[in-house]
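What follows is a set of notes on a single structure, which appears directly below.
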Amino acid sequence: MTDDLREETVMLKTTTMPTNANGYAQLAADVLAQAKACGATEADIVVADGETFSVQVRVGAVDRLTKAREKRLGLRVFIGKRSATTSTSDFSKASLDRLVADTCTLAGAVVEDDVSGLPDAGQMATEQPDLDLYDDTVLDTDTQIDWAKRGEAAAFATDPRVTNSEGAEFDSSSGRVVLANSHGFVGAYRSSNFSLSVSPIATESATGGMQRDAWYQVQRKFARLASAESIGQEAARRAIRRLGARKVATKRVPVVFDQETAGSLLANLCSAVSGYGLYKRASFLLDQLGQTIASDLITVYDDGRMVGGLGSRPFDGEGLTTRKNTIVERGVLKSYLLDTYSGKKLGLPSTGNASRSVGESPSVGPTNFYLVPGVKSQQEIIGSIKEGLFVTELIGFGINMVTGDYSRGACGFWIENGELAYPVEEITIAGNLKQMLKDIDVIGNDLVFRGRIASPTVKIAEMMVAGN
Amino acid sequence: MPEPVQLTTFGVTEREAQQALDRVKVRDVEYADLYFESRTSESVSMEEGIVKRAAKSVSQGVGVRATAGEKTGFAYSDELTKRDLEIAADTARYIANSPKGHSSVPVPTQQRPTRDLYPIERAKAEVATAERVALLNEIDAEARRYDPRIKNVMASFNTEYKVVVVATSEGTLVSDIQPLSRLQITCIAEDRENRQVGSFGGGGRVAFAYYREDNRHLSYAREAAREAILNLSAVDAPAGVMPVVLAGGWPGILLHEAIGHGLEADFNRKKTSAFSSLIGKRVASDVCTIVDDGTLPFRRGSLNMDDEGTPTGCTTLIEKGILRGYITDKLNARLMGIPLTGNGRRENYQSVVLPRMTNTFMLAGESDPQDIIRSVKKGLYAVSFGGGQVDITNGKFVFSASEAYLIEDGQITKPVKGATLIGNGPEILTKVSMVGHDLKLDNGIGTCGKDGQSVPVGVGLPTIKVDEITVGGTQR
């Protein structure tokens with residue numbers, strides 16, 4: 001639920017460099033100089049550090065408390081058209097000397113790749129705005145324990161059928177990233193995350209059957225967190241409503257995806273338009289730029305500049321400016337998500353979507369990737385269906401990105417005459433993503449950003465539901 | 001036997017380790033440990049016929065843990081100075097209600113490893129990059145030679161070399177060296193109408209030479225290519241309840257999802273597992289005996305010792321259909337008063353120990369695999385799978401086939417597109433009516449995720465028949 005520090009999700013602010021960033025910028029400059037001396041024609045370096053705190057509470061008592069600081073340095077060198085990447089957590093001179101030498105040796109061992117290299121020097125980001133992603137609030141241990149305890153207690157207090165708990169977890173983390181390259185680019189960013197999740201278990205007294213569900217929130221700023229109680233209550237409501245779930249008969253019906261599960265469909269779309277899958281011919285959306293790939297209700301943006309956004313960043317993993325890209329406009333595929341490498345493979349410029357894990361070469365990732373909301377409420381959408389399925393959770397990995405074939409485990413509610421009649425489980429939903437995107441016939445008005453990918457409720461005209 | 005790894009490898013003395021443990025083990029702390037880890041990971045990968053990428057990462061650190069009652073205090077650091085150990089120790093003991101303690105921890109004494117399930121010299125695990133590049137080049141050529149419809153080959157070879165030292169408040173000091181590698185191949189096939197994907201891979205705690213034995217790497221390449229080509233002609237999968245025959249080996253992922261996770265002690269201590277009150281009860285048909293065995297030489301899921309220093313073992317989970325036991329780590333074994341099985345595992349020094357599986361498989365039965373297929377009038381024969389997932393609390397699990405066929409009148413007929421199978425853990429194995437005599441372990445590709453931590457695991461299965469399970473296809 002919280003961002004992984006190793007990914008480049010952390011935030012930048014060059015106007016006021018964080019104290020340590022100057023030190024890291026110098027370290028980066030030294031390592032880059034050394035790489036050049038070792039034969040590198042180009043290089044870039046990422047330095048990330050951070051602090052994390054996490055507390056898990058279960059049935060009213062602290063279950064686990066974790067605290068740590070960590071740091072990591074990743075180096076990528078190019079020797080002509082050959083490249084290699086390395087990383088280490090040991091910043092001592094001896095270790096970094098070895099790292100540079102190892103990286104150059106590795107690069108010498110791979111094959112030349114015509115399109116490899118840094119972006120052109122002229123393309124590097126020149127402005128690094130403050131996107132308001134960092135909060136310097138420092139919370140003491142007891143306050144954080146209290147947040148988790150209150151969240152879980154609220155779940156227990158909601159209903160006597162909440163009998164047990166997988167626990168509640170409060171996390172806070174902050175970190176910084178410095179990215180520098182041999183073009184002279186230096187960027188630094190800082191970010192923070194605060195999150196609370198609650199996972200209660202409800203029991204049906206008659207059968208002893210148990211159901212777990214969870215609810216969570218994550219924010220860049222501590223002050224923006226909703227109350228711990230509201231999260232606990234929603235988690236309890238979600239667990240309780242699943243009690244008494246049953247299978248249904250196999251049939252083809254309309255399927256409504258709630259915001260969470262619709263978000264997973266959007267994540268599938270996001271993978272399908274990512275440059276790496278496309279040039280490897282491993283996406284079901286090959287050669288579709290400018291073509292209709294979805295219902296004309298669908299407009300999707302990826303906005304790297306959303307203030308306070310969980311996926312926002314002022315520059316991407318290669319140091320290029322982030323921006324708002326239109327991915328799908330009224331059903332027509334307008335843009336892929338690209339970094340420099342995958343863009344070159346497809347004959348297109350980068351879209352500023354390079355994502356970078358320390359020690360790996362760039363890949364492509366979304367920033368804030370979302371489906372533009374419609375006008376109907378979730379209740380109106382469900383109300384319009386005579387018989388159908390409302391999906392609230394999907395499990396498993398039954399998605400073939402090459403063909404779009406889709407088959408996943410689901411649970412949710414059976415819809416009868418516009419009402420949620422009873423909870424269902426142990427069923428699958430299946431179709432093909434190419435068709436599913438075209439079959440979306442209603443979009444809800446309930447877009448909320450709870451992660452980097454966000455969607456309102458959506459309805460797909462018909463899918464195969466397998467059960468009894 | 002391997003030479004024990006000295007703490008000085010990490011720049012720490014035994015005295016410093018003992019002092020840190022003393023500092024953690026205040027009155028209310030029942031157990032504390034220090035987990036020192038150094039890990040070197042390397043990877044080379046190829047696509048479009050060229051080995052484009054090589055990467056190497058080095059990490060080193062210590063995790064300091066204290067347990068008191070049900071509570072765990074945990075801190076970790078990538079710096080290994082005396083001061084860093086002290087800070088981590090102070091954080092870990094925060095969970096205890098007692099004041100600073102006095103020295104009560106015995107001086108750790110180094111114990112020699114008692115066995116070596118993966119005796120590989122470092123030089124044989126970490127060969128020159130050029131040799132790995134050559135391996136991948138041969139794979140690419142072999143896959144393309146298999147069929148001209150293979151349009152892209154993506155292959156990667158990953159190795160990890162992990163050195164671990166565990167010092168505990170019980171006075172033990174043990175070490176292990178854990179090599180691990182994996183070769184993975186994905187092929188994209190295209191004909192006029194279709195594009196499809198096929199994957200194959202394997203590995204274990206093996207030396208590089210393993211991949212070249214009998215041209216194993218080339219057979220992997222052909223398997224990945226074969227699956228991609230086969231899927232070009234696959235028809236839509238059926239939907240609904242039907243008998244399913246699972247082939248041996250990797251389809252053992254069924255056991256991992258359906259029962260393995262549900263038998264991890266933590267969920268049962270917390271009574272959040274669908275298996276919580278079922279010890280001694282029937283959860284499978286009497287042809288099913290299932291074990292978790294961490295002691296198989298060279299296997300991906302095997303370990304000389306778990307991450308708490310306990311030697312791994314072979315634990316019977318289900319014996320002739322009756323649920324016998326859980327897999328445990330120290331915390332859960334102590335709290336539940338049940339045997340310690342050597343299943344305390346962690347992804348790295350940055351993660352806490354959890355009870356986890358090692359190699360989980362069903363013992364061979366007596367049926368002839370051909371008879372099993374012949375016994376099905378209309379159903380599915382599933383040979384290979386992608387991933388699986390389980391909801392521990394309600395027991396519902398899924399696993400997704402990537403190579404499957406229709407069975408019609410006892411004969412394997414058309415290949416079908418991938419489909420997810422869904423079932424209920426405590427129920428599904430009661431529907432196993434036939435177990436083949438052909439137990440097969442998987443090739444060494446499994447990675448299990450729990451609580452955000454990934455660890456290598458193995459699975460295994462003979463050919464089995466499940467009388468009914470829901471198949472999530474698209475066709476009536």
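Letters for chains follow the order of the structure tokens (A, B, ...), residue numbers begin at 1 for each chain, and ligand numbers begin at 1 in the order shown.
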
Legend entry - Contacts of Ser169 in chain B within 8 Å, only C-alpha atoms, excl. fewer than 4 positions in-chain, as a ChimeraX atom specification: /B:21-22,25,31-33,105-106,108

Mind writing the picked residues with N, CA and C atoms as a PDB file, in the first residue's frame?
```pdb
ATOM      1  N   LEU B  21      22.881  -8.327  21.629  1.00  0.00           N
ATOM      2  CA  LEU B  21      21.820  -9.226  22.108  1.00  0.00           C
ATOM      3  C   LEU B  21      21.464  -8.937  23.567  1.00  0.00           C
ATOM      4  N   ASP B  22      22.495  -8.652  24.373  1.00  0.00           N
ATOM      5  CA  ASP B  22      22.278  -8.278  25.781  1.00  0.00           C
ATOM      6  C   ASP B  22      21.376  -7.067  25.873  1.00  0.00           C
ATOM      7  N   LYS B  25      17.818  -8.047  24.932  1.00  0.00           N
ATOM      8  CA  LYS B  25      17.099  -9.045  25.723  1.00  0.00           C
ATOM      9  C   LYS B  25      16.856  -8.565  27.143  1.00  0.00           C
ATOM     10  N   TYR B  31      12.972 -13.859  23.424  1.00  0.00           N
ATOM     11  CA  TYR B  31      13.900 -14.321  22.394  1.00  0.00           C
ATOM     12  C   TYR B  31      14.353 -13.120  21.570  1.00  0.00           C
ATOM     13  N   ALA B  32      15.610 -13.141  21.186  1.00  0.00           N
ATOM     14  CA  ALA B  32      16.117 -12.084  20.303  1.00  0.00           C
ATOM     15  C   ALA B  32      17.110 -12.707  19.335  1.00  0.00           C
ATOM     16  N   ASP B  33      17.213 -12.142  18.139  1.00  0.00           N
ATOM     17  CA  ASP B  33      18.272 -12.601  17.245  1.00  0.00           C
ATOM     18  C   ASP B  33      18.787 -11.486  16.345  1.00  0.00           C
ATOM     19  N   VAL B 105      22.712 -12.875  28.347  1.00  0.00           N
ATOM     20  CA  VAL B 105      22.779 -13.704  27.156  1.00  0.00           C
ATOM     21  C   VAL B 105      24.114 -14.451  27.111  1.00  0.00           C
ATOM     22  N   PRO B 106      24.064 -15.749  26.872  1.00  0.00           N
ATOM     23  CA  PRO B 106      25.323 -16.487  26.784  1.00  0.00           C
ATOM     24  C   PRO B 106      26.161 -16.006  25.593  1.00  0.00           C
ATOM     25  N   PRO B 108      27.712 -16.203  22.287  1.00  0.00           N
ATOM     26  CA  PRO B 108      27.369 -17.108  21.190  1.00  0.00           C
ATOM     27  C   PRO B 108      28.567 -17.986  20.804  1.00  0.00           C
TER      28      PRO B 108
END
```

Legend entry - Nearby residues (only C-alpha atoms) at most 9 Å from range 381-396 of chain A, same-chain spacing under 5 positions excluded, as a PyMOL selection string: (chain A and resi 252-262+264+376+407-420+424+428+442-444+457-459+462+465) or (chain B and resi 387-391+397-400+420)

Inset, instruction - For chain A, list the residues within 6 Å of chain B, counting only C-alpha atoms, and write the list as an MDAnalysis selection string. - result: chainID A and resid 63:68 84:89 109:111 210:211 250 396:398 407:408 428 430 464 466:468

Inset, instruction - Find the residues around range 239-243 of chain A up to 7 Å (only C-alpha atoms counted), leave out those fewer than 5 positions away in its own chain, and share them as a list of chain:residue names. - result: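 My list of contacting residues is A:Pro200, A:Ile201, A:Ala202, A:Glu204, A:Gln211, A:Arg212, A:Asp213, A:Pro423.
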
Which residues are near Val107 in chain B? Cut-off 8 Å, only C-alpha atoms, ignore same chain within fewer than 5 positions. Put them as a tab-separated table (two decimals) with C-alpha atoms, in the first residue's frame.
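Result file part-v1.tsv:
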```
chain	number	residue	atom	x	y	z
B	14	GLU	CA	31.32	-12.13	18.57
B	15	ARG	CA	31.62	-9.89	21.60
B	18	GLN	CA	26.66	-10.61	22.29
B	171	GLY	CA	23.65	-18.58	22.54
```

Inset, instruction - Write down as a PyMOL selection string the residues of range 140-380 of chain B whose backbone DSSP state falls under alpha helix (DSSP H). - result: chain B and resi 140-146+216-232+253-255+265-269+330-336+369-374

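With CA of Val287 in chain B on one side and CA of Asn443 in chain B on the other, the separation reads 24.5 Å.
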
Legend entry - Long-range neighbours of Gln184 in chain B as a list in words, 10 Å cut-off, only C-alpha atoms, 5 positions minimum in chain: Ser45, Leu136, Met154, Ala155, Ser156, Phe157, Asn158, Ser199, Phe200, Gly201, Gly202, Gly203, His217, Tyr220, Ala221, Ala224 and Ile445 of chain B

Inset, instruction - Go through A:Thr322, A:Ser227, A:Leu297, A:Leu139 and flag the residue nearest Val375 in chain A, using only C-alpha atoms for the distances. - result: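 Selected residue with least distance to Val375 in chain A: A:Leu297.
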
Inset, instruction - Can you work out the spacing between CA of Leu179 in chain A and CA of Glu318 in chain A in Å, to one decimal? - result: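 These atoms are spaced 7.9 Å apart.
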
Legend entry - Near-range 29-44 of chain A list (7 Å; only C-alpha atoms; drop same-chain fewer than 3 positions) as a PyMOL selection string: chain A and resi 25-26+75-80+100-101+104+180-182

Written file, previous selection with N, CA and C atoms, as a PDB file, in the first residue's frame:
```pdb
ATOM      1  N   ALA A  25      24.812  14.823  -4.236  1.00  0.00           N
ATOM      2  CA  ALA A  25      25.125  15.373  -5.556  1.00  0.00           C
ATOM      3  C   ALA A  25      26.640  15.313  -5.777  1.00  0.00           C
ATOM      4  N   GLN A  26      27.385  15.614  -4.728  1.00  0.00           N
ATOM      5  CA  GLN A  26      28.844  15.556  -4.825  1.00  0.00           C
ATOM      6  C   GLN A  26      29.303  14.113  -5.020  1.00  0.00           C
ATOM      7  N   LEU A  75      24.128   2.654 -10.338  1.00  0.00           N
ATOM      8  CA  LEU A  75      24.947   3.253 -11.405  1.00  0.00           C
ATOM      9  C   LEU A  75      24.634   2.562 -12.723  1.00  0.00           C
ATOM     10  N   ARG A  76      24.491   3.352 -13.782  1.00  0.00           N
ATOM     11  CA  ARG A  76      24.330   2.795 -15.127  1.00  0.00           C
ATOM     12  C   ARG A  76      25.410   3.421 -16.009  1.00  0.00           C
ATOM     13  N   VAL A  77      26.173   2.597 -16.681  1.00  0.00           N
ATOM     14  CA  VAL A  77      27.194   3.151 -17.575  1.00  0.00           C
ATOM     15  C   VAL A  77      26.947   2.674 -19.002  1.00  0.00           C
ATOM     16  N   PHE A  78      27.365   3.509 -19.929  1.00  0.00           N
ATOM     17  CA  PHE A  78      27.369   3.156 -21.347  1.00  0.00           C
ATOM     18  C   PHE A  78      28.798   3.228 -21.831  1.00  0.00           C
ATOM     19  N   ILE A  79      29.210   2.147 -22.490  1.00  0.00           N
ATOM     20  CA  ILE A  79      30.500   2.214 -23.182  1.00  0.00           C
ATOM     21  C   ILE A  79      30.136   2.082 -24.643  1.00  0.00           C
ATOM     22  N   GLY A  80      30.065   3.211 -25.301  1.00  0.00           N
ATOM     23  CA  GLY A  80      29.506   3.213 -26.653  1.00  0.00           C
ATOM     24  C   GLY A  80      28.055   2.783 -26.551  1.00  0.00           C
ATOM     25  N   VAL A 100      32.215   0.757  -9.672  1.00  0.00           N
ATOM     26  CA  VAL A 100      32.486   1.380 -10.976  1.00  0.00           C
ATOM     27  C   VAL A 100      33.228   0.400 -11.880  1.00  0.00           C
ATOM     28  N   ALA A 101      34.231  -0.255 -11.326  1.00  0.00           N
ATOM     29  CA  ALA A 101      35.011  -1.204 -12.122  1.00  0.00           C
ATOM     30  C   ALA A 101      34.127  -2.364 -12.603  1.00  0.00           C
ATOM     31  N   CYS A 104      31.720  -1.307 -15.432  1.00  0.00           N
ATOM     32  CA  CYS A 104      32.381  -1.168 -16.741  1.00  0.00           C
ATOM     33  C   CYS A 104      32.726  -2.543 -17.316  1.00  0.00           C
ATOM     34  N   ALA A 180      21.542  12.013 -11.234  1.00  0.00           N
ATOM     35  CA  ALA A 180      22.524  12.850 -11.927  1.00  0.00           C
ATOM     36  C   ALA A 180      23.040  12.075 -13.123  1.00  0.00           C
ATOM     37  N   ASN A 181      23.392  12.789 -14.193  1.00  0.00           N
ATOM     38  CA  ASN A 181      23.975  12.085 -15.338  1.00  0.00           C
ATOM     39  C   ASN A 181      25.132  12.851 -15.958  1.00  0.00           C
ATOM     40  N   SER A 182      25.766  12.211 -16.912  1.00  0.00           N
ATOM     41  CA  SER A 182      26.986  12.777 -17.487  1.00  0.00           C
ATOM     42  C   SER A 182      26.715  13.953 -18.418  1.00  0.00           C
TER      43      SER A 182
END
```

Inset, instruction - Rounded to one decimal place, report the CA of Val178 in chain A-CA of Lys344 in chain A distance in Å. - result: 25.4 Å
